[in-house]
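As stored in input_38.cif (mmCIF, C-alpha atoms):
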data_entry
loop_
_atom_site.label_atom_id
_atom_site.label_comp_id
_atom_site.auth_asym_id
_atom_site.auth_seq_id
_atom_site.Cartn_x
_atom_site.Cartn_y
_atom_site.Cartn_z
CA MET A 1 1.06 24.82 -22.53
CA LEU A 2 4.78 24.59 -23.28
CA THR A 3 6.86 27.72 -23.86
CA SER A 4 10.59 27.81 -24.48
CA TYR A 5 12.58 29.67 -21.82
CA SER A 6 14.89 31.01 -24.52
CA ARG A 7 11.87 32.46 -26.32
CA ILE A 8 10.83 34.37 -23.18
CA LEU A 9 14.21 35.36 -21.78
CA GLY A 10 16.26 35.67 -24.96
CA LYS A 11 20.00 36.04 -24.42
CA ASN A 12 19.46 36.11 -20.65
CA PHE A 13 18.57 32.41 -20.63
CA LYS A 14 21.40 29.98 -19.93
CA GLN A 15 20.65 26.27 -20.12
CA GLY A 16 23.00 24.24 -18.00
CA LEU A 17 23.26 21.79 -15.12
CA PRO A 18 24.48 23.40 -11.87
CA LYS A 19 27.35 21.56 -10.20
CA SER A 20 27.97 23.71 -7.12
CA VAL A 21 27.32 27.05 -5.43
CA GLU A 22 30.07 28.92 -3.61
CA LEU A 23 29.49 31.99 -1.45
CA SER A 24 31.95 34.78 -0.73
CA GLY A 25 30.50 37.40 1.56
CA SER A 26 27.52 39.00 -0.17
CA THR A 27 28.32 37.52 -3.60
CA GLY A 28 28.86 34.07 -5.01
CA VAL A 29 29.46 31.86 -8.01
CA VAL A 30 27.43 29.04 -9.59
CA THR A 31 29.58 26.45 -11.35
CA LEU A 32 27.92 24.55 -14.20
CA ALA A 33 28.68 20.95 -15.13
CA ASP A 34 30.56 22.13 -18.23
CA GLY A 35 32.87 24.25 -16.05
CA GLU A 36 31.35 27.64 -16.81
CA LEU A 37 31.28 30.04 -13.87
CA ILE A 38 28.28 32.33 -13.37
CA PRO A 39 28.83 35.03 -10.71
CA PHE A 40 25.88 36.48 -8.83
CA ASP A 41 24.96 39.12 -6.30
CA ILE A 42 21.51 37.62 -5.76
CA LEU A 43 20.66 33.95 -6.25
CA VAL A 44 17.22 32.33 -6.53
CA ILE A 45 17.15 28.53 -6.24
CA CYS A 46 14.03 27.09 -7.86
CA THR A 47 15.31 23.86 -9.41
CA GLY A 48 12.12 21.92 -8.72
CA ALA A 49 11.89 18.20 -8.07
CA THR A 50 12.06 15.00 -10.09
CA TRP A 51 9.64 12.08 -10.21
CA SER A 52 10.82 8.53 -10.78
CA ASP A 53 8.62 8.15 -13.85
CA SER A 54 10.02 9.93 -16.90
CA PHE A 55 6.57 11.01 -18.12
CA ILE A 56 5.72 12.76 -14.85
CA SER A 57 9.18 14.21 -14.23
CA GLY A 58 9.35 15.96 -17.60
CA LEU A 59 13.09 15.37 -17.89
CA HIS A 60 13.27 16.51 -21.49
CA ASN A 61 15.40 19.50 -22.39
CA THR A 62 13.50 20.63 -25.48
CA GLU A 63 9.88 21.44 -26.19
CA THR A 64 9.85 18.93 -29.07
CA ALA A 65 11.14 16.13 -26.85
CA ARG A 66 8.56 16.89 -24.16
CA LEU A 67 5.69 16.87 -26.67
CA GLN A 68 6.94 13.63 -28.23
CA ASN A 69 7.05 12.03 -24.78
CA MET A 70 3.44 13.08 -24.17
CA TYR A 71 2.31 11.65 -27.51
CA ASP A 72 4.22 8.39 -26.92
CA THR A 73 2.74 7.99 -23.43
CA THR A 74 -0.82 8.59 -24.68
CA SER A 75 -0.29 5.99 -27.39
CA ARG A 76 1.08 3.53 -24.84
CA ILE A 77 -2.00 3.94 -22.64
CA GLN A 78 -4.39 3.60 -25.58
CA LYS A 79 -2.79 0.33 -26.76
CA ALA A 80 -2.58 -1.27 -23.30
CA ALA A 81 -5.37 -3.50 -21.97
CA SER A 82 -4.11 -3.06 -18.41
CA VAL A 83 -2.45 -0.20 -16.51
CA THR A 84 -0.83 -0.30 -13.06
CA ILE A 85 -0.02 2.86 -11.11
CA VAL A 86 2.24 2.66 -8.05
CA GLY A 87 1.76 5.50 -5.56
CA GLY A 88 -1.52 6.81 -4.17
CA GLY A 89 -0.74 10.47 -3.65
CA VAL A 90 -2.43 13.26 -5.60
CA VAL A 91 -0.63 12.47 -8.87
CA GLY A 92 -1.30 8.73 -8.72
CA VAL A 93 -4.98 9.23 -7.84
CA GLU A 94 -5.56 11.80 -10.58
CA LEU A 95 -3.74 9.68 -13.17
CA ALA A 96 -5.77 6.58 -12.27
CA GLY A 97 -8.95 8.64 -12.41
CA GLU A 98 -8.18 10.08 -15.82
CA ILE A 99 -7.34 6.69 -17.34
CA ILE A 100 -10.30 4.73 -15.91
CA THR A 101 -12.68 7.54 -16.93
CA GLU A 102 -11.46 7.85 -20.52
CA TYR A 103 -10.88 4.10 -21.02
CA PRO A 104 -13.46 2.29 -18.83
CA GLY A 105 -12.75 -1.03 -20.51
CA LYS A 106 -9.15 -1.17 -19.28
CA THR A 107 -7.97 -2.89 -16.11
CA VAL A 108 -6.60 -0.07 -13.95
CA THR A 109 -4.82 -0.92 -10.70
CA LEU A 110 -3.60 1.61 -8.13
CA VAL A 111 -1.16 0.32 -5.50
CA HIS A 112 -0.32 2.37 -2.39
CA SER A 113 1.87 1.37 0.55
CA ARG A 114 -0.16 3.34 3.12
CA ASP A 115 -3.52 2.39 4.62
CA ARG A 116 -5.35 5.15 2.76
CA LEU A 117 -4.92 7.28 -0.35
CA VAL A 118 -3.34 10.74 0.01
CA GLU A 119 -2.54 9.91 3.65
CA TYR A 120 -1.07 13.36 4.35
CA ALA A 121 -4.52 14.95 3.90
CA ALA A 122 -7.76 14.50 5.83
CA GLU A 123 -8.91 10.89 6.08
CA LYS A 124 -12.26 11.82 4.50
CA LEU A 125 -10.49 12.98 1.34
CA GLY A 126 -8.61 9.70 0.88
CA LYS A 127 -11.74 7.67 1.53
CA ALA A 128 -13.74 9.71 -0.97
CA ALA A 129 -11.04 9.29 -3.62
CA GLU A 130 -10.99 5.53 -3.04
CA GLU A 131 -14.77 5.30 -3.33
CA ILE A 132 -14.81 7.24 -6.61
CA LEU A 133 -12.03 5.16 -8.18
CA THR A 134 -13.65 1.91 -7.08
CA ARG A 135 -17.04 2.99 -8.41
CA LYS A 136 -15.46 3.77 -11.77
CA GLY A 137 -14.00 0.26 -11.90
CA ALA A 138 -10.41 0.72 -10.76
CA ARG A 139 -8.77 -1.78 -8.41
CA VAL A 140 -7.27 -0.04 -5.36
CA ILE A 141 -4.74 -1.97 -3.26
CA LEU A 142 -3.75 -0.31 0.02
CA GLY A 143 -1.13 -1.16 2.64
CA GLN A 144 1.01 -3.08 0.15
CA ARG A 145 4.34 -2.25 -1.46
CA ALA A 146 4.95 -3.17 -5.07
CA GLU A 147 7.72 -5.46 -6.24
CA PHE A 148 9.42 -4.89 -9.59
CA ASP A 149 11.17 -6.90 -12.28
CA ALA A 150 14.65 -6.20 -13.63
CA ASN A 151 13.25 -3.55 -15.99
CA GLY A 152 11.52 -1.62 -13.24
CA ASN A 153 8.00 -2.81 -14.06
CA PRO A 154 5.67 -3.69 -11.15
CA THR A 155 4.87 -7.40 -11.05
CA LYS A 156 3.26 -8.20 -7.70
CA THR A 157 2.63 -6.82 -4.24
CA GLU A 158 4.70 -7.90 -1.25
CA SER A 159 1.86 -10.29 -0.33
CA GLY A 160 2.04 -11.89 -3.78
CA GLU A 161 -1.00 -10.28 -5.45
CA ASP A 162 -0.52 -9.97 -9.22
CA ILE A 163 -0.29 -6.37 -10.45
CA ALA A 164 1.58 -6.92 -13.72
CA ALA A 165 0.26 -4.76 -16.56
CA GLU A 166 1.02 -3.81 -20.16
CA CYS A 167 1.58 -0.20 -19.08
CA SER A 168 2.72 1.17 -15.72
CA PHE A 169 3.52 4.47 -13.98
CA ILE A 170 5.55 5.06 -10.83
CA CYS A 171 4.11 7.95 -8.81
CA THR A 172 5.87 7.38 -5.51
CA GLY A 173 6.89 10.95 -4.76
CA GLN A 174 9.34 13.66 -5.63
CA LYS A 175 13.06 14.08 -5.06
CA PRO A 176 14.25 17.71 -4.88
CA ASN A 177 16.82 18.68 -7.51
CA THR A 178 19.38 19.91 -4.99
CA GLU A 179 22.29 17.50 -5.43
CA PHE A 180 24.51 20.39 -6.48
CA LEU A 181 24.14 21.86 -2.98
CA ASN A 182 25.31 18.70 -1.21
CA THR A 183 28.95 19.78 -1.05
CA GLY A 184 30.60 22.75 0.64
CA GLU A 185 28.97 25.24 2.95
CA MET A 186 25.60 25.11 1.16
CA ALA A 187 25.07 21.54 2.41
CA SER A 188 24.00 22.94 5.78
CA SER A 189 21.10 24.65 3.98
CA LEU A 190 19.43 21.33 3.18
CA SER A 191 16.90 19.42 5.25
CA GLN A 192 17.18 15.67 5.79
CA SER A 193 14.95 15.16 2.76
CA GLY A 194 17.24 17.33 0.61
CA HIS A 195 14.93 20.36 0.43
CA VAL A 196 16.34 23.88 0.79
CA LEU A 197 15.61 25.38 4.20
CA ILE A 198 13.88 28.77 3.98
CA ASN A 199 12.31 31.39 6.23
CA ASP A 200 9.00 33.20 5.72
CA GLN A 201 10.71 35.67 3.36
CA LEU A 202 11.91 32.71 1.21
CA GLN A 203 15.52 33.47 2.14
CA VAL A 204 17.75 30.43 2.54
CA ILE A 205 18.69 29.38 6.05
CA GLN A 206 22.26 28.15 6.58
CA GLY A 207 22.78 26.74 10.02
CA ASP A 208 21.96 29.53 12.48
CA LYS A 209 22.09 32.36 9.93
CA VAL A 210 20.00 33.67 7.06
CA LEU A 211 21.54 34.20 3.62
CA GLU A 212 19.95 37.54 2.82
CA ASN A 213 20.87 37.46 -0.89
CA VAL A 214 19.92 33.81 -1.56
CA PHE A 215 16.27 32.80 -2.02
CA SER A 216 14.51 29.54 -2.77
CA LEU A 217 10.96 28.57 -3.73
CA GLY A 218 8.91 25.87 -5.38
CA ASP A 219 9.24 22.10 -5.06
CA CYS A 220 12.93 22.23 -4.11
CA ALA A 221 12.20 24.35 -1.02
CA SER A 222 11.33 22.97 2.40
CA TYR A 223 7.82 23.70 3.66
CA LYS A 224 4.95 21.78 5.26
CA GLY A 225 2.00 22.72 3.04
CA PHE A 226 0.85 20.85 -0.06
CA ARG A 227 3.20 21.23 -3.02
CA SER A 228 1.00 22.71 -5.69
CA GLY A 229 0.86 25.28 -8.45
CA LYS A 230 -1.06 27.56 -6.09
CA ALA A 231 1.75 27.51 -3.53
CA ALA A 232 4.34 28.14 -6.25
CA ARG A 233 2.43 31.16 -7.60
CA GLU A 234 2.05 32.63 -4.12
CA GLN A 235 5.74 32.12 -3.43
CA ALA A 236 6.66 33.71 -6.77
CA ASP A 237 4.70 36.85 -5.89
CA VAL A 238 6.59 37.14 -2.59
CA ALA A 239 9.93 36.40 -4.24
CA ILE A 240 9.44 39.17 -6.83
CA LYS A 241 8.61 41.69 -4.12
CA ASN A 242 11.65 40.70 -2.07
CA LEU A 243 13.98 40.65 -5.07
CA ILE A 244 13.03 44.20 -5.94
CA ALA A 245 13.64 45.21 -2.32
CA ALA A 246 17.01 43.43 -2.32
CA VAL A 247 18.11 45.22 -5.49
CA ARG A 248 17.11 48.55 -4.01
CA GLY A 249 18.88 47.79 -0.76
CA GLN A 250 15.61 48.00 1.15
CA ALA A 251 14.30 45.79 3.96
CA ILE A 252 12.94 42.40 2.91
CA THR A 253 9.29 42.48 4.02
CA GLY A 254 7.42 40.16 1.66
CA THR A 255 6.16 37.16 3.62
CA TRP A 256 4.83 33.76 2.58
CA ARG A 257 3.06 31.85 5.32
CA ASP A 258 3.51 28.10 5.28
CA GLY A 259 0.60 26.02 6.53
CA PRO A 260 -2.59 24.18 5.60
CA ALA A 261 -3.94 24.90 2.13
CA PRO A 262 -6.93 23.72 0.09
CA LEU A 263 -6.35 20.52 -1.86
CA VAL A 264 -8.36 19.68 -4.96
CA MET A 265 -8.14 16.51 -7.05
CA SER A 266 -9.95 15.79 -10.28
CA ILE A 267 -10.67 12.08 -10.64
CA GLY A 268 -11.57 12.03 -14.29
CA ARG A 269 -13.54 14.75 -16.07
CA ASP A 270 -16.75 14.09 -14.15
CA ASP A 271 -15.74 13.74 -10.50
CA GLY A 272 -13.30 15.03 -7.92
CA VAL A 273 -12.60 15.84 -4.28
CA LEU A 274 -11.90 19.18 -2.57
CA MET A 275 -10.53 19.66 0.95
CA LEU A 276 -10.57 23.13 2.51
CA HIS A 277 -8.28 24.56 5.20
CA ASN A 278 -10.53 23.35 8.00
CA GLY A 279 -10.61 19.76 6.71
CA TRP A 280 -14.10 20.04 5.21
CA VAL A 281 -14.39 17.79 2.15
CA MET A 282 -16.59 18.27 -0.92
CA ARG A 283 -16.87 15.89 -3.87
CA GLY A 284 -18.57 15.66 -7.24
CA LEU A 285 -18.78 17.44 -10.57
CA PRO A 286 -18.71 21.00 -9.11
CA VAL A 287 -15.17 20.33 -7.86
CA VAL A 288 -14.02 19.37 -11.36
CA LEU A 289 -15.76 22.33 -12.98
CA GLY A 290 -14.17 24.72 -10.50
CA LYS A 291 -10.70 23.30 -11.05
CA SER A 292 -11.16 23.25 -14.83
CA ALA A 293 -12.28 26.88 -14.88
CA ARG A 294 -9.26 27.93 -12.86
CA GLU A 295 -6.75 25.92 -14.89
CA GLY A 296 -8.47 26.93 -18.11
CA GLY A 297 -7.93 30.57 -17.22
CA MET A 298 -4.25 29.87 -16.60
CA LEU A 299 -3.90 28.07 -19.93
CA LEU A 300 -5.70 30.86 -21.74
CA GLY A 301 -3.34 33.37 -20.17
CA ALA A 302 -0.30 31.31 -21.15
CA TRP A 303 -1.61 30.97 -24.72
CA ALA A 304 -2.20 34.72 -24.92
CA VAL A 305 1.34 35.48 -23.77
CA ARG A 306 2.89 33.00 -26.15
CA SER A 307 0.74 33.63 -29.23
CA LEU A 308 -0.16 37.31 -28.95
CA VAL A 309 2.16 39.21 -26.61
CA LEU A 310 5.59 37.73 -27.37
CA PRO A 311 5.38 38.17 -31.17
CA ILE A 312 4.61 41.86 -30.62
CA LEU A 313 7.02 42.70 -27.82
CA GLY A 314 9.79 40.28 -28.65
CA PRO A 315 11.81 38.49 -25.95
CA TRP A 316 10.62 39.55 -22.53
CA ARG A 317 13.20 40.34 -19.86
CA PRO A 318 11.57 40.13 -16.43
CA GLU A 319 14.84 40.77 -14.62
CA LYS A 320 15.25 44.02 -16.58
CA GLU A 321 11.96 45.22 -15.13
CA ILE A 322 13.33 44.56 -11.66
CA TRP A 323 16.55 46.44 -12.35
CA GLU A 324 14.74 49.38 -13.89
CA ALA A 325 12.27 49.48 -11.03
CA ALA A 326 15.28 49.71 -8.74
CA ASN A 327 16.66 52.53 -10.88
CA VAL A 328 20.02 50.81 -11.22
CA ASN A 329 22.13 49.61 -14.12
CA SER A 330 20.93 46.24 -15.41
CA SER A 331 24.47 44.86 -15.34
CA THR A 332 24.58 44.99 -11.53
CA PRO A 333 23.50 43.23 -9.48
CA GLN A 334 23.52 39.95 -11.35
#
Would it be possible to restate this file's structure as structure tokens?
Amino acid sequence: MLTSYSRILGKNFKQGLPKSVELSGSTGVVTLADGELIPFDILVICTGATWSDSFISGLHNTETARLQNMYDTTSRIQKAASVTIVGGGVVGVELAGEIITEYPGKTVTLVHSRDRLVEYAAEKLGKAAEEILTRKGARVILGQRAEFDANGNPTKTESGEDIAAECSFICTGQKPNTEFLNTGEMASSLSQSGHVLINDQLQVIQGDKVLENVFSLGDCASYKGFRSGKAAREQADVAIKNLIAAVRGQAITGTWRDGPAPLVMSIGRDDGVLMLHNGWVMRGLPVVLGKSAREGGMLLGAWAVRSLVLPILGPWRPEKEIWEAANVNSSTPQ
């Protein structure tokens, strides 16, 4: 479900590429690539992360462009006799599962440099995913890095095994969109991987101090748990609570606890794997049905907001609700 930010936020939406963030006491300024300066009293950094593959990353600045990319990618898969996917994390496994399930006649190859799929989860989960993909007819190559041609297409593994295909996807991980924080004092707020350092209240950590008016969440933030929609929703709930408290000048008490979380993967529409907090793994159709029901509810909710609520209420201004809840003028803080 794709919804334009400008449709939701109206005149309060500003599309631009951040170039830098400068702090001055309890306020600051974001500088955009076009030179525009946007002052703030409270800043929330949720710039997400980028995948190497353009289809996965969603680097398209309009709804039309994003939809066109999805249609073009589907057409590319349908026309190809062979598909190679590089990267055996959650995204690579789910993508391979979807393709081999919907197009069982295609040659689908999944290449992963580690000795098991989804190596950051329980070993049983990776083994179960490998068994399901293999049973469906996919070729899974583990412990081998892919080599690429001049156009970025995988051609063979480092041991020389042929993995060339008519269609390929690179699912080798995310890079946080935090380059604009690399200069100046904000650079000390980044981890070695480029993620924004945060505390349990989602406030940004800068060296040995906490920036009480700067928050971060989502894929650009640094935390140990699985990066998922569930984690993002939980973080958003905490961020809203703490933003309201910050506007009111109250203590920041909302807390998000980093740590192990359930991990669910659908491997096609008829199979999947679920890992709970304690490492217990379940597989089969019930996993897929449970995930589908949950995501279906989210999609239904998004459709309802877009198709029913917005036409009635007009542009929604979530930040106005925060200001009004704080009983302050909506022009300050920014």
Apply the PyMOL selection byres ((chain A and resi 187-196) around 6) to the structure shown and report the selected residues as a PDB file with C-alpha atoms, in the frame of the given file.
ATOM      1  CA  PRO A 176      14.250  17.710  -4.880  1.00  0.00           C
ATOM      2  CA  LEU A 181      24.140  21.860  -2.980  1.00  0.00           C
ATOM      3  CA  ASN A 182      25.310  18.700  -1.210  1.00  0.00           C
ATOM      4  CA  THR A 183      28.950  19.780  -1.050  1.00  0.00           C
ATOM      5  CA  GLY A 184      30.600  22.750   0.640  1.00  0.00           C
ATOM      6  CA  GLU A 185      28.970  25.240   2.950  1.00  0.00           C
ATOM      7  CA  MET A 186      25.600  25.110   1.160  1.00  0.00           C
ATOM      8  CA  LEU A 197      15.610  25.380   4.200  1.00  0.00           C
ATOM      9  CA  ILE A 205      18.690  29.380   6.050  1.00  0.00           C
ATOM     10  CA  GLN A 206      22.260  28.150   6.580  1.00  0.00           C
ATOM     11  CA  GLY A 207      22.780  26.740  10.020  1.00  0.00           C
ATOM     12  CA  CYS A 220      12.930  22.230  -4.110  1.00  0.00           C
ATOM     13  CA  ALA A 221      12.200  24.350  -1.020  1.00  0.00           C
ATOM     14  CA  SER A 222      11.330  22.970   2.400  1.00  0.00           C
TER      15      SER A 222
END
Requested in this report: Go ahead and compute the interatomic distance for atom CA of A:Ile100 and atom CA of A:Arg283, in Å to one decimal.
Outcome: 17.7 Å
Considering all atoms listed in the file, tabulate each residue of stretch 2-102 of chain A that lies at most 12 Å from stretch 236-240 of chain A along with its nearest interatomic pair and the corresponding distance in Å to one decimal; arrange the rows by chain and ascending residue number and present them as a tab-separated table.
residue	atom	partner	partner_atom	distance
A:Ile42	CA	A:Ala239	CA	11.7
A:Leu43	CA	A:Ala239	CA	11.2
A:Val44	CA	A:Ala239	CA	8.7
A:Ile45	CA	A:Ala239	CA	10.9
A:Cys46	CA	A:Ala236	CA	10.0
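Interatomic distance, atom CA of A:Ser6 to atom CA of A:Tyr71: 23.3 Å.
For the residues A:Gly92, A:Gly249, A:Gly254, A:Gly16, ranking by smallest atom-to-atom distance to A:Leu32 using only C-alpha atoms places A:Gly16 first.
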List every protein, DNA or RNA residue with an atom no more than 9 Å from (2.6, 29.8, 7.0) in the file's coordinates, counting all atoms listed in the file, and format the result as a compact mmCIF listing (two decimals) with C-alpha atoms, keeping the file's coordinate frame.
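File produced: result_9.txt:
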# COMPACT_ATOMS: atom_id res chain seq x y z
CA ASP A 200 9.00 33.20 5.72
CA TYR A 223 7.82 23.70 3.66
CA LYS A 224 4.95 21.78 5.26
CA GLY A 225 2.00 22.72 3.04
CA THR A 255 6.16 37.16 3.62
CA TRP A 256 4.83 33.76 2.58
CA ARG A 257 3.06 31.85 5.32
CA ASP A 258 3.51 28.10 5.28
CA GLY A 259 0.60 26.02 6.53
CA PRO A 260 -2.59 24.18 5.60
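Across A:Thr50, A:Asn213, A:Asn151, A:Ser168, the tightest approach to A:Ala81 is made by A:Ser168 when counting all atoms listed in the file.
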